[in-house]
file my_file_35.cif (mmCIF, C-alpha atoms and all ligand atoms)
data_data
loop_
_atom_site.label_atom_id
_atom_site.label_comp_id
_atom_site.auth_asym_id
_atom_site.auth_seq_id
_atom_site.Cartn_x
_atom_site.Cartn_y
_atom_site.Cartn_z
CA MET A 386 104.02 -4.75 3.44
CA LYS A 387 106.94 -7.12 3.86
CA LEU A 388 106.89 -9.95 6.38
CA PHE A 389 109.75 -12.07 7.71
CA ILE A 390 109.31 -15.36 9.52
CA ILE A 391 112.39 -15.91 11.68
CA VAL A 392 113.35 -19.43 12.69
CA PRO A 393 116.34 -20.18 14.96
CA CYS A 394 117.71 -23.67 14.28
CA TYR A 395 120.16 -25.75 16.24
CA ASN A 396 120.76 -29.24 14.85
CA GLU A 397 117.32 -29.31 13.25
CA GLU A 398 118.04 -31.29 10.06
CA ALA A 399 115.26 -33.73 10.96
CA VAL A 400 112.52 -31.10 10.83
CA LEU A 401 113.81 -28.44 8.48
CA ALA A 402 112.40 -29.78 5.19
CA GLU A 403 108.90 -30.10 6.60
CA THR A 404 109.15 -26.76 8.39
CA THR A 405 110.10 -25.08 5.11
CA VAL A 406 107.16 -26.67 3.27
CA ARG A 407 104.66 -25.59 5.91
CA LEU A 408 106.00 -22.08 6.40
CA GLN A 409 106.28 -21.47 2.66
CA ALA A 410 102.66 -22.51 2.31
CA VAL A 411 101.73 -19.91 4.92
CA CYS A 412 103.81 -17.26 3.12
CA ARG A 413 102.13 -18.02 -0.20
CA GLN A 414 98.70 -18.01 1.36
CA LEU A 415 99.42 -14.56 2.84
CA GLU A 416 100.70 -13.25 -0.48
CA GLU A 417 97.75 -14.65 -2.41
CA ALA A 418 95.27 -13.16 0.02
CA LYS A 419 97.07 -9.83 -0.58
CA LYS A 420 97.62 -9.42 3.13
CA VAL A 421 101.32 -8.98 2.54
CA ALA A 422 103.19 -7.93 -0.57
CA GLU A 423 106.14 -10.20 0.19
CA ALA A 424 106.76 -12.87 2.77
CA HIS A 425 110.19 -14.37 3.48
CA LEU A 426 111.67 -17.05 5.68
CA LEU A 427 114.84 -16.30 7.62
CA TYR A 428 116.64 -19.28 9.13
CA VAL A 429 119.29 -18.56 11.73
CA ASP A 430 121.64 -21.50 12.06
CA ASP A 431 122.88 -21.35 15.64
CA GLY A 432 126.20 -23.13 15.08
CA SER A 433 124.67 -26.51 14.30
CA SER A 434 126.99 -29.48 14.03
CA ASP A 435 124.74 -31.49 11.69
CA GLY A 436 123.58 -30.79 8.13
CA THR A 437 121.28 -27.91 9.06
CA TRP A 438 123.26 -25.23 7.24
CA ASN A 439 123.49 -27.35 4.06
CA LEU A 440 119.74 -27.82 4.10
CA ILE A 441 119.18 -24.09 4.54
CA GLY A 442 121.51 -23.46 1.60
CA GLN A 443 119.56 -25.89 -0.56
CA CYS A 444 116.23 -24.33 0.36
CA SER A 445 117.42 -20.82 -0.40
CA ALA A 446 118.93 -21.93 -3.72
CA ARG A 447 115.55 -23.37 -4.66
CA SER A 448 113.45 -20.41 -3.59
CA SER A 449 114.17 -16.71 -3.34
CA MET A 450 111.75 -16.71 -0.43
CA VAL A 451 114.27 -18.40 1.88
CA HIS A 452 117.24 -16.67 3.49
CA GLY A 453 119.80 -17.98 5.93
CA LEU A 454 122.24 -16.63 8.49
CA LYS A 455 124.93 -18.89 9.86
CA LEU A 456 126.27 -17.86 13.25
CA ALA A 457 129.93 -18.47 13.96
CA ARG A 458 129.14 -20.74 16.93
CA ASN A 459 126.30 -21.90 19.14
CA VAL A 460 125.15 -18.89 21.17
CA GLY A 461 121.81 -20.24 22.42
CA HIS A 462 118.22 -19.82 21.31
CA GLN A 463 117.69 -16.28 22.64
CA LYS A 464 120.77 -14.77 21.04
CA ALA A 465 120.21 -16.64 17.78
CA LEU A 466 116.70 -15.25 17.65
CA TRP A 467 118.06 -11.80 18.45
CA ALA A 468 120.46 -12.10 15.49
CA GLY A 469 117.48 -12.77 13.23
CA LEU A 470 115.39 -9.96 14.70
CA GLU A 471 118.23 -7.48 14.37
CA TRP A 472 118.83 -8.50 10.77
CA ALA A 473 115.13 -8.21 9.93
CA ALA A 474 114.50 -4.98 11.86
CA THR A 475 115.74 -2.78 9.04
CA ARG A 476 114.38 -4.93 6.22
CA CYS A 477 110.72 -5.59 6.95
CA ASP A 478 107.45 -4.15 8.19
CA ALA A 479 106.79 -7.02 10.56
CA ALA A 480 108.53 -10.19 11.72
CA VAL A 481 107.17 -13.40 13.22
CA SER A 482 109.47 -15.57 15.33
CA ILE A 483 108.77 -19.29 15.58
CA ASP A 484 110.67 -22.44 16.63
CA ALA A 485 111.91 -24.81 13.97
CA ASP A 486 110.20 -27.85 15.44
CA LEU A 487 106.61 -26.98 14.38
CA GLN A 488 105.32 -27.17 17.95
CA ASP A 489 103.64 -23.84 17.44
CA ASP A 490 100.64 -23.77 15.16
CA VAL A 491 101.59 -22.08 11.87
CA ALA A 492 97.89 -21.37 11.26
CA ALA A 493 98.17 -18.70 13.95
CA ILE A 494 100.50 -16.64 11.74
CA PRO A 495 97.78 -15.28 9.39
CA VAL A 496 95.75 -14.32 12.46
CA MET A 497 98.77 -12.46 13.82
CA VAL A 498 99.14 -10.66 10.50
CA ASP A 499 95.46 -9.67 10.60
CA LYS A 500 95.98 -8.14 14.03
CA PHE A 501 99.09 -6.34 12.80
CA LEU A 502 97.11 -4.93 9.86
CA GLY A 503 94.51 -3.90 12.41
CA GLY A 504 97.12 -1.77 14.16
CA ALA A 505 98.79 -4.05 16.72
CA ASP A 506 102.56 -3.74 17.19
CA ILE A 507 103.14 -6.93 19.15
CA VAL A 508 101.01 -10.05 18.83
CA TYR A 509 101.75 -12.88 21.27
CA GLY A 510 101.06 -16.49 20.42
CA VAL A 511 99.66 -17.97 23.62
CA ARG A 512 99.36 -21.72 24.24
CA ARG A 513 95.91 -22.78 25.30
CA ASP A 514 97.08 -25.91 27.03
CA ARG A 515 100.14 -28.12 27.21
CA PRO A 516 98.63 -31.55 26.63
CA THR A 517 101.73 -32.89 24.88
CA ASP A 518 104.38 -31.64 27.28
CA THR A 519 105.70 -34.04 29.89
CA PHE A 520 104.32 -33.70 33.42
CA PHE A 521 107.65 -32.28 34.55
CA LYS A 522 108.01 -29.70 31.77
CA LYS A 523 104.43 -28.50 32.16
CA HIS A 524 104.61 -28.04 35.92
CA SER A 525 108.13 -26.65 36.09
CA ALA A 526 107.20 -24.10 33.41
CA GLN A 527 104.04 -23.09 35.26
CA LEU A 528 105.92 -22.75 38.54
CA PHE A 529 108.47 -20.54 36.81
CA TYR A 530 105.85 -18.21 35.29
CA ARG A 531 104.13 -17.87 38.68
CA LEU A 532 107.40 -17.21 40.50
CA LEU A 533 108.52 -14.61 37.99
CA GLN A 534 105.16 -12.84 38.19
CA ARG A 535 105.27 -12.85 42.00
CA LEU A 536 108.74 -11.35 41.88
CA GLY A 537 107.49 -8.51 39.73
CA GLY A 538 108.71 -9.62 36.29
CA ASP A 539 105.98 -9.14 33.70
CA VAL A 540 105.58 -12.01 31.26
CA VAL A 541 102.62 -13.32 29.29
CA TYR A 542 101.51 -16.59 30.83
CA ASN A 543 102.07 -19.55 28.47
CA HIS A 544 103.70 -17.47 25.78
CA ALA A 545 107.07 -18.66 24.49
CA ASP A 546 108.87 -16.92 21.66
CA PHE A 547 106.14 -17.31 19.04
CA ARG A 548 105.11 -13.72 18.30
CA LEU A 549 104.77 -11.04 15.69
CA MET A 550 106.51 -7.71 16.08
CA SER A 551 106.12 -4.62 13.94
CA TRP A 552 109.18 -2.74 12.65
CA ARG A 553 108.44 -0.12 15.29
CA ALA A 554 108.64 -2.66 18.11
CA LEU A 555 111.72 -4.28 16.53
CA GLU A 556 113.51 -0.96 16.33
CA ALA A 557 112.75 -0.36 19.99
CA LEU A 558 113.87 -3.85 20.96
CA VAL A 559 117.27 -3.69 19.26
CA ARG A 560 118.08 -0.63 21.33
CA PHE A 561 118.27 -2.74 24.48
CA PRO A 562 121.96 -3.11 25.28
CA GLU A 563 121.92 -6.11 27.63
CA ARG A 564 123.75 -9.32 26.79
CA SER A 565 121.82 -11.82 28.84
CA LEU A 566 118.59 -11.89 26.92
CA PHE A 567 115.20 -12.88 28.19
CA LEU A 568 113.24 -11.84 25.14
CA ARG A 569 109.71 -12.52 26.32
CA GLY A 570 110.29 -10.16 29.26
CA LEU A 571 112.03 -7.50 27.17
CA VAL A 572 109.32 -7.49 24.52
CA ARG A 573 106.63 -7.25 27.17
CA SER A 574 108.32 -4.16 28.63
CA LEU A 575 108.33 -2.31 25.30
CA GLY A 576 104.75 -1.12 25.47
CA PHE A 577 102.99 -0.30 22.15
CA ARG A 578 99.74 -1.99 21.24
CA GLN A 579 99.92 -5.62 22.32
CA GLU A 580 97.46 -8.35 21.38
CA TYR A 581 97.11 -12.11 21.72
CA VAL A 582 96.39 -15.10 19.51
CA TYR A 583 95.53 -18.42 21.14
CA TYR A 584 96.60 -21.77 19.72
CA ASP A 585 97.10 -25.40 20.68
CA ARG A 586 100.67 -26.57 21.04
CA SER A 587 101.50 -29.89 19.44
CA GLU A 588 104.35 -32.31 19.81
CA ARG A 589 107.78 -31.78 18.32
CA PHE A 590 107.50 -32.86 14.69
CA ALA A 591 110.86 -34.70 14.73
CA GLY A 592 114.21 -34.58 16.50
CA THR A 593 114.72 -34.02 20.20
CA SER A 594 114.39 -30.99 22.45
CA LYS A 595 117.43 -28.71 22.40
CA TYR A 596 116.56 -27.44 25.86
CA PRO A 597 117.88 -29.91 28.43
CA LEU A 598 117.19 -29.29 32.12
CA ARG A 599 120.52 -27.48 32.55
CA LYS A 600 119.62 -24.89 29.87
CA MET A 601 116.08 -24.56 31.25
CA ILE A 602 117.38 -23.72 34.74
CA SER A 603 119.90 -21.21 33.45
CA PHE A 604 117.19 -19.60 31.28
CA ALA A 605 114.86 -19.37 34.28
CA LEU A 606 117.58 -17.82 36.45
CA ASP A 607 118.34 -15.32 33.69
CA GLY A 608 114.69 -14.42 33.52
CA ILE A 609 114.44 -13.76 37.24
CA THR A 610 117.73 -11.91 37.70
CA SER A 611 117.11 -9.76 34.61
CA PHE A 612 113.73 -8.57 35.70
CA SER A 613 113.62 -8.51 39.46
CA VAL A 614 115.78 -7.38 42.38
CA ARG A 615 113.26 -8.71 44.87
CA PRO A 616 115.40 -11.74 45.75
CA LEU A 617 117.99 -9.27 47.07
CA ARG A 618 115.37 -7.49 49.13
CA PHE A 619 114.22 -10.84 50.46
CA ILE A 620 117.76 -11.45 51.77
CA VAL A 621 117.70 -8.16 53.69
CA LEU A 622 114.33 -9.02 55.17
CA SER A 623 115.40 -12.50 56.22
CA GLY A 624 118.58 -10.98 57.69
CA LEU A 625 116.47 -8.64 59.81
CA LEU A 626 114.31 -11.55 60.90
CA PHE A 627 117.39 -13.46 62.05
CA ILE A 628 118.62 -10.45 64.04
CA LEU A 629 115.25 -10.36 65.78
CA ILE A 630 115.45 -14.05 66.54
CA SER A 631 119.01 -13.68 67.80
CA VAL A 632 117.93 -10.95 70.26
CA GLY A 633 115.60 -13.53 71.77
CA ALA A 634 118.37 -16.11 71.74
CA ILE A 635 120.82 -13.74 73.46
CA LEU A 636 118.31 -12.93 76.18
CA TYR A 637 117.63 -16.61 76.66
CA GLY A 638 121.39 -17.36 76.78
CA LEU A 639 122.02 -14.66 79.38
CA TRP A 640 119.13 -15.88 81.45
CA SER A 641 120.40 -19.48 81.36
CA TYR A 642 123.87 -18.26 82.33
CA VAL A 643 122.54 -16.34 85.30
CA CYS A 644 120.52 -19.34 86.42
CA GLY A 645 123.64 -21.49 86.12
CA LYS A 646 122.33 -23.93 83.46
CA ALA A 647 124.32 -22.86 80.41
CA LEU A 648 125.67 -26.24 79.27
CA PRO A 649 122.43 -27.86 78.11
CA GLY A 650 122.23 -25.18 75.38
CA TRP A 651 124.62 -27.14 73.18
CA THR A 652 121.97 -28.66 70.91
CA SER A 653 120.22 -25.45 70.06
CA LEU A 654 123.58 -23.78 69.47
CA LEU A 655 124.68 -26.47 67.07
CA VAL A 656 121.40 -26.33 65.17
CA SER A 657 121.41 -22.58 64.84
CA VAL A 658 125.05 -22.44 63.69
CA TRP A 659 124.25 -24.76 60.83
CA PHE A 660 121.04 -23.01 60.00
CA ILE A 661 122.50 -19.51 60.01
CA GLY A 662 125.57 -20.71 58.11
CA GLY A 663 123.32 -22.13 55.42
CA SER A 664 121.25 -18.97 55.22
CA ILE A 665 124.36 -16.81 54.87
CA LEU A 666 125.72 -18.98 52.09
CA THR A 667 122.40 -18.89 50.26
CA ALA A 668 122.22 -15.11 50.61
CA MET A 669 125.76 -14.71 49.32
CA GLY A 670 124.95 -17.00 46.44
CA ILE A 671 121.99 -14.88 45.40
CA ILE A 672 124.08 -11.72 45.57
CA GLY A 673 126.76 -13.56 43.63
CA GLU A 674 124.26 -14.27 40.84
CA TYR A 675 123.62 -10.56 40.41
CA VAL A 676 127.30 -9.60 40.72
CA GLY A 677 128.11 -12.23 38.13
CA LYS A 678 125.54 -10.68 35.88
CA ILE A 679 127.13 -7.24 36.26
CA TYR A 680 130.53 -8.74 35.43
CA TYR A 681 129.08 -10.30 32.32
CA GLU A 682 127.19 -7.18 31.22
CA VAL A 683 129.97 -4.60 31.66
CA LYS A 684 132.12 -6.43 29.16
CA ARG A 685 129.65 -5.50 26.42
CA ARG A 686 130.75 -8.39 24.29
CA PRO A 687 129.06 -8.86 20.93
CA ARG A 688 126.11 -11.21 21.16
CA TYR A 689 126.93 -13.19 18.00
CA PHE A 690 128.93 -13.17 14.79
CA ILE A 691 127.52 -13.96 11.38
CA GLU A 692 129.78 -16.33 9.49
CA GLU A 693 127.81 -16.72 6.25
CA GLU A 694 124.59 -15.61 4.59
CA THR A 695 122.50 -17.20 1.88
CA GLY A 696 119.75 -15.74 -0.24
CA GLU A 697 119.57 -12.19 -1.55
CA ASN A 698 121.43 -9.91 0.79
CA ASP A 699 118.92 -7.13 0.63
CA PRO A 700 115.58 -8.74 -0.05
N1 LIG A 801 117.67 -23.53 19.53
C1 LIG A 801 118.73 -22.70 19.14
N2 LIG A 801 119.90 -22.76 19.85
C2 LIG A 801 120.06 -23.57 20.95
C3 LIG A 801 118.96 -24.37 21.36
C4 LIG A 801 117.77 -24.31 20.63
O1 LIG A 801 118.62 -21.97 18.16
O2 LIG A 801 121.15 -23.57 21.54
C5 LIG A 801 116.39 -23.48 18.76
C6 LIG A 801 115.86 -24.82 18.31
O3 LIG A 801 116.43 -25.22 17.09
C7 LIG A 801 114.37 -24.54 18.17
C8 LIG A 801 114.12 -23.52 19.27
O4 LIG A 801 115.39 -22.96 19.60
O5 LIG A 801 114.03 -23.96 16.93
C9 LIG A 801 113.45 -24.12 20.49
O6 LIG A 801 114.17 -25.27 20.91
P1 LIG A 801 113.43 -26.61 21.34
O7 LIG A 801 112.25 -26.85 20.47
O8 LIG A 801 114.46 -27.70 21.37
O9 LIG A 801 112.98 -26.26 22.82
P2 LIG A 801 111.66 -26.79 23.59
O10 LIG A 801 110.49 -26.60 22.66
O11 LIG A 801 111.93 -28.21 23.89
O12 LIG A 801 111.59 -25.91 24.79
MG MG A 802 110.28 -27.15 20.82
#
call {"tool": "encode", "arguments": {"input": "my_file_35.cif", "output": "structure tokens"}}
result
Amino acid sequence: MKLFIIVPCYNEEAVLAETTVRLQAVCRQLEEAKKVAEAHLLYVDDGSSDGTWNLIGQCSARSSMVHGLKLARNVGHQKALWAGLEWAATRCDAAVSIDADLQDDVAAIPVMVDKFLGGADIVYGVRRDRPTDTFFKKHSAQLFYRLLQRLGGDVVYNHADFRLMSWRALEALVRFPERSLFLRGLVRSLGFRQEYVYYDRSERFAGTSKYPLRKMISFALDGITSFSVRPLRFIVLSGLLFILISVGAILYGLWSYVCGKALPGWTSLLVSVWFIGGSILTAMGIIGEYVGKIYYEVKRRPRYFIEEETGENDP
């Protein structure tokens, strides 16, 4: 069987050499143990502005095990990974996706392969704990997983994009037409036989995180709006609640008018105008998020363009 390890890279020149050494060691170990006939690395350069693509070129010149795709511009982690998965889908029996920064334990890969050989189609790498993440990252991530699960989106708790997928699962995945990708939700919804491998997450080997707060929030919003319409339903419910409250308010207003003490109502009026105004704006904003998504999806724009390739074209 043929295995691909897919690594999206954005300005990762600081880690790439070490990543290649460690992943190649895993590939060789798998080949020697006769678990796989061939193992390859596929780097997807997501429009880096540093020497990442040069490094990938050097690695693939040195070893036929390494391949590279250079995207025409930075399209973001999810789409870059998609580019790799789509490329590999027709060329391998199974593919493992992993970040370039060695935060995920490469020793989990052989375990994933074992489970694949045992018949699993999707094997999730699941973090046991997040001892090295900052307090903020750990808690914001946990809050997000909880919220998404409450809203009906199915994701594997503490699983990022470190997973193995069989060609069968890959073929199913690339049939999804949507442009805003939330891969861990999409993969979860595929079905097939899904299993888990647990590992400890370590610190970034070198370089800095390519996910600033702004990207994290937009990723979280994408996750929620791609997998749940419950926020919209929540708006309807809160609207109904306000109508109920306003019936009470109208009755109270009429009663005050009849009793001749209408003027003192000014404070409550002022407060409720602000409050209802805020609620309406929030509700419109949520609807706007979904409408914006429709606008973006109907254009069916290509997710990425490949500018260059290195390594054998048809390994
Ligand atoms: N990445 C990418 N395109 C981007 C941002 C990130 O391909 O626009 C890659 C990055 O090189 C890394 C992976 O996505 O391999 C995860 O990024 P990072 O480790 O910075 O995220 P964190 O672990 O901090 O969430
Ligand atoms: Mg990382």
call {"tool": "residues_near_point", "arguments": {"input": "my_file_35.cif", "point": "(107.0, -18.8, 19.0)", "cutoff": "6 Å", "atoms": "all atoms listed in the file", "output": "ChimeraX atom specification"}}
result
/A:482-484,545-548
call {"tool": "write_last_selection", "arguments": {"input": "my_file_35.cif", "atoms": "C-alpha atoms", "output": "short mmCIF file (atom, residue, chain, number, x, y, z; two decimals), in the coordinates of the input"}}
result
data_model
loop_
_atom_site.label_atom_id
_atom_site.label_comp_id
_atom_site.auth_asym_id
_atom_site.auth_seq_id
_atom_site.Cartn_x
_atom_site.Cartn_y
_atom_site.Cartn_z
CA SER A 482 109.47 -15.57 15.33
CA ILE A 483 108.77 -19.29 15.58
CA ASP A 484 110.67 -22.44 16.63
CA ALA A 545 107.07 -18.66 24.49
CA ASP A 546 108.87 -16.92 21.66
CA PHE A 547 106.14 -17.31 19.04
CA ARG A 548 105.11 -13.72 18.30
#
call {"tool": "atom_distance", "arguments": {"input": "my_file_35.cif", "atom1": "atom CA of Ser603 of chain A", "atom2": "atom CA of Ala668 of chain A"}}
result
18.4 Å
call {"tool": "closest_atom_pairs", "arguments": {"input": "my_file_35.cif", "of": "chain A", "to": "ligand LIG 801 (chain A)", "cutoff": "6 Å", "atoms": "all atoms listed in the file", "output": "CSV"}}
result
residue,atom,partner,partner_atom,distance
A:Pro393,CA,A:LIG801,O1,4.3
A:Cys394,CA,A:LIG801,O3,3.5
A:Tyr395,CA,A:LIG801,O3,3.9
A:Glu397,CA,A:LIG801,O3,5.7
A:Asp431,CA,A:LIG801,O1,5.0
A:Asn459,CA,A:LIG801,O2,5.9
A:Gly461,CA,A:LIG801,O2,3.5
A:His462,CA,A:LIG801,C1,3.6
A:Ala465,CA,A:LIG801,O1,5.6
A:Asp484,CA,A:LIG801,O5,3.7
A:Ala485,CA,A:LIG801,O5,3.7
A:Asp486,CA,A:LIG801,O7,5.5
A:Ser594,CA,A:LIG801,O8,3.5
A:Lys595,CA,A:LIG801,O8,3.3
A:Tyr596,CA,A:LIG801,O9,4.8
call {"tool": "residues_around", "arguments": {"input": "my_file_35.cif", "residues": "segment 477-481 of chain A", "least_positions_apart": "2", "cutoff": "8 Å", "atoms": "all atoms listed in the file", "output": "mmCIF file with C-alpha atoms, in the frame of the given file"}}
result
data_model
loop_
_atom_site.group_PDB
_atom_site.id
_atom_site.type_symbol
_atom_site.label_atom_id
_atom_site.label_comp_id
_atom_site.auth_asym_id
_atom_site.auth_seq_id
_atom_site.Cartn_x
_atom_site.Cartn_y
_atom_site.Cartn_z
ATOM 1 C CA MET A 386 104.020 -4.750 3.440
ATOM 2 C CA LYS A 387 106.940 -7.120 3.860
ATOM 3 C CA LEU A 388 106.890 -9.950 6.380
ATOM 4 C CA PHE A 389 109.750 -12.070 7.710
ATOM 5 C CA ILE A 390 109.310 -15.360 9.520
ATOM 6 C CA ILE A 391 112.390 -15.910 11.680
ATOM 7 C CA LEU A 470 115.390 -9.960 14.700
ATOM 8 C CA ALA A 473 115.130 -8.210 9.930
ATOM 9 C CA ALA A 474 114.500 -4.980 11.860
ATOM 10 C CA THR A 475 115.740 -2.780 9.040
ATOM 11 C CA ILE A 483 108.770 -19.290 15.580
ATOM 12 C CA ILE A 494 100.500 -16.640 11.740
ATOM 13 C CA PHE A 547 106.140 -17.310 19.040
ATOM 14 C CA ARG A 548 105.110 -13.720 18.300
ATOM 15 C CA LEU A 549 104.770 -11.040 15.690
ATOM 16 C CA MET A 550 106.510 -7.710 16.080
ATOM 17 C CA SER A 551 106.120 -4.620 13.940
ATOM 18 C CA TRP A 552 109.180 -2.740 12.650
#
call {"tool": "closest_residue", "arguments": {"input": "my_file_35.cif", "among": "A:Trp472, A:Tyr509, A:Phe529, A:Tyr581", "to": "Ile602 of chain A", "atoms": "only C-alpha atoms"}}
result
A:Phe529
call {"tool": "atom_distance", "arguments": {"input": "my_file_35.cif", "atom1": "atom CA of Ala591 of chain A", "atom2": "atom CA of Ala526 of chain A"}}
result
21.8 Å
call {"tool": "closest_residue", "arguments": {"input": "my_file_35.cif", "among": "A:Glu403, A:Glu693, A:Glu556, A:Asp607", "to": "Gly677 of chain A", "atoms": "only C-alpha atoms"}}
result
A:Asp607
call {"tool": "atom_distance", "arguments": {"input": "my_file_35.cif", "atom1": "atom CA of Ile671 of chain A", "atom2": "atom CA of Glu563 of chain A"}}
result
19.8 Å
call {"tool": "closest_residue", "arguments": {"input": "my_file_35.cif", "among": "A:Arg589, A:Val541, A:Leu625, A:Ala446", "to": "ligand MG 802 (chain A)", "atoms": "all atoms listed in the file"}}
result
A:Arg589
call {"tool": "axis_aligned_box", "arguments": {"input": "my_file_35.cif", "around": "segment 386-393 of chain A", "padding_each_side": "6 Å", "output": "JSON"}}
result
{"center_x": 110.2, "center_y": -12.5, "center_z": 9.2, "size_x": 24.3, "size_y": 27.4, "size_z": 23.5}
call {"tool": "residues_around", "arguments": {"input": "my_file_35.cif", "residues": "Asn396 of chain A", "least_positions_apart": "6", "cutoff": "6 Å", "atoms": "all atoms listed in the file", "output": "PyMOL selection string"}}
result
chain A and resi 433+435+437
call {"tool": "write_last_selection", "arguments": {"input": "my_file_35.cif", "atoms": "C-alpha atoms", "output": "PDB file, in the frame of the given file"}}
result
ATOM      1  CA  SER A 433     124.670 -26.510  14.300  1.00  0.00           C
ATOM      2  CA  ASP A 435     124.740 -31.490  11.690  1.00  0.00           C
ATOM      3  CA  THR A 437     121.280 -27.910   9.060  1.00  0.00           C
TER       4      THR A 437
END
call {"tool": "closest_residue", "arguments": {"input": "my_file_35.cif", "among": "A:Glu682, A:Asp499, A:Glu423, A:Glu692", "to": "Pro562 of chain A", "atoms": "only C-alpha atoms"}}
result
A:Glu682
call {"tool": "closest_residue", "arguments": {"input": "my_file_35.cif", "among": "A:Ile691, A:Val498, A:Ala468, A:Leu487", "to": "ligand MG 802 (chain A)", "atoms": "only C-alpha atoms and all ligand atoms"}}
result
A:Leu487
call {"tool": "closest_residue", "arguments": {"input": "my_file_35.cif", "among": "A:Gln463, A:Ser565, A:Thr667, A:Ser587", "to": "ligand MG 802 (chain A)", "atoms": "all atoms listed in the file"}}
result
A:Ser587
call {"tool": "residues_around", "arguments": {"input": "my_file_35.cif", "residues": "Arg573 of chain A", "least_positions_apart": "3", "cutoff": "7 Å", "atoms": "only C-alpha atoms", "output": "mmCIF file with C-alpha atoms, keeping the file's coordinate frame"}}
result
data_model
loop_
_atom_site.group_PDB
_atom_site.id
_atom_site.type_symbol
_atom_site.label_atom_id
_atom_site.label_comp_id
_atom_site.auth_asym_id
_atom_site.auth_seq_id
_atom_site.Cartn_x
_atom_site.Cartn_y
_atom_site.Cartn_z
ATOM 1 C CA ASP A 539 105.980 -9.140 33.700
ATOM 2 C CA VAL A 540 105.580 -12.010 31.260
ATOM 3 C CA ARG A 569 109.710 -12.520 26.320
ATOM 4 C CA GLY A 570 110.290 -10.160 29.260
ATOM 5 C CA GLY A 576 104.750 -1.120 25.470
#
call {"tool": "residues_around", "arguments": {"input": "my_file_35.cif", "residues": "Leu533 of chain A", "least_positions_apart": "6", "cutoff": "10 Å", "atoms": "all atoms listed in the file", "output": "list in words"}}
result
Gln527, Asp539, Val540, Gly570, Ala605, Leu606, Gly608, Ile609, Thr610, Phe612 and Ser613 of chain A
call {"tool": "build_atoms", "arguments": {"input": "my_file_35.cif", "residues": "segment 407-411 of chain A", "atoms": "all heavy atoms", "output": "PDB file, in the frame of the given file"}}
result
ATOM      1  N   ARG A 407     105.840 -26.167   5.234  1.00  0.00           N
ATOM      2  CA  ARG A 407     104.660 -25.590   5.910  1.00  0.00           C
ATOM      3  C   ARG A 407     104.727 -24.068   5.988  1.00  0.00           C
ATOM      4  O   ARG A 407     103.716 -23.385   5.789  1.00  0.00           O
ATOM      5  CB  ARG A 407     104.544 -26.159   7.317  1.00  0.00           C
ATOM      6  CG  ARG A 407     104.208 -27.624   7.280  1.00  0.00           C
ATOM      7  CD  ARG A 407     103.423 -28.030   8.490  1.00  0.00           C
ATOM      8  NE  ARG A 407     103.647 -29.452   8.748  1.00  0.00           N
ATOM      9  CZ  ARG A 407     103.362 -30.049   9.892  1.00  0.00           C
ATOM     10  NH1 ARG A 407     102.861 -29.349  10.882  1.00  0.00           N
ATOM     11  NH2 ARG A 407     103.566 -31.331  10.043  1.00  0.00           N
ATOM     12  N   LEU A 408     105.909 -23.541   6.273  1.00  0.00           N
ATOM     13  CA  LEU A 408     106.000 -22.080   6.400  1.00  0.00           C
ATOM     14  C   LEU A 408     105.877 -21.396   5.039  1.00  0.00           C
ATOM     15  O   LEU A 408     105.268 -20.331   4.930  1.00  0.00           O
ATOM     16  CB  LEU A 408     107.308 -21.678   7.092  1.00  0.00           C
ATOM     17  CG  LEU A 408     107.360 -21.997   8.587  1.00  0.00           C
ATOM     18  CD1 LEU A 408     108.704 -21.621   9.180  1.00  0.00           C
ATOM     19  CD2 LEU A 408     106.243 -21.264   9.352  1.00  0.00           C
ATOM     20  N   GLN A 409     106.430 -22.056   4.004  1.00  0.00           N
ATOM     21  CA  GLN A 409     106.280 -21.470   2.660  1.00  0.00           C
ATOM     22  C   GLN A 409     104.818 -21.439   2.245  1.00  0.00           C
ATOM     23  O   GLN A 409     104.368 -20.488   1.618  1.00  0.00           O
ATOM     24  CB  GLN A 409     107.101 -22.256   1.645  1.00  0.00           C
ATOM     25  CG  GLN A 409     108.543 -21.753   1.573  1.00  0.00           C
ATOM     26  CD  GLN A 409     109.321 -22.408   0.454  1.00  0.00           C
ATOM     27  OE1 GLN A 409     109.178 -23.606   0.226  1.00  0.00           O
ATOM     28  NE2 GLN A 409     110.137 -21.638  -0.240  1.00  0.00           N
ATOM     29  N   ALA A 410     104.098 -22.491   2.627  1.00  0.00           N
ATOM     30  CA  ALA A 410     102.660 -22.510   2.310  1.00  0.00           C
ATOM     31  C   ALA A 410     101.963 -21.326   2.975  1.00  0.00           C
ATOM     32  O   ALA A 410     101.123 -20.668   2.359  1.00  0.00           O
ATOM     33  CB  ALA A 410     102.049 -23.827   2.783  1.00  0.00           C
ATOM     34  N   VAL A 411     102.343 -21.049   4.222  1.00  0.00           N
ATOM     35  CA  VAL A 411     101.730 -19.910   4.920  1.00  0.00           C
ATOM     36  C   VAL A 411     102.094 -18.605   4.211  1.00  0.00           C
ATOM     37  O   VAL A 411     101.232 -17.737   3.993  1.00  0.00           O
ATOM     38  CB  VAL A 411     102.216 -19.852   6.393  1.00  0.00           C
ATOM     39  CG1 VAL A 411     101.729 -18.588   7.072  1.00  0.00           C
ATOM     40  CG2 VAL A 411     101.733 -21.073   7.151  1.00  0.00           C
TER      41      VAL A 411
END
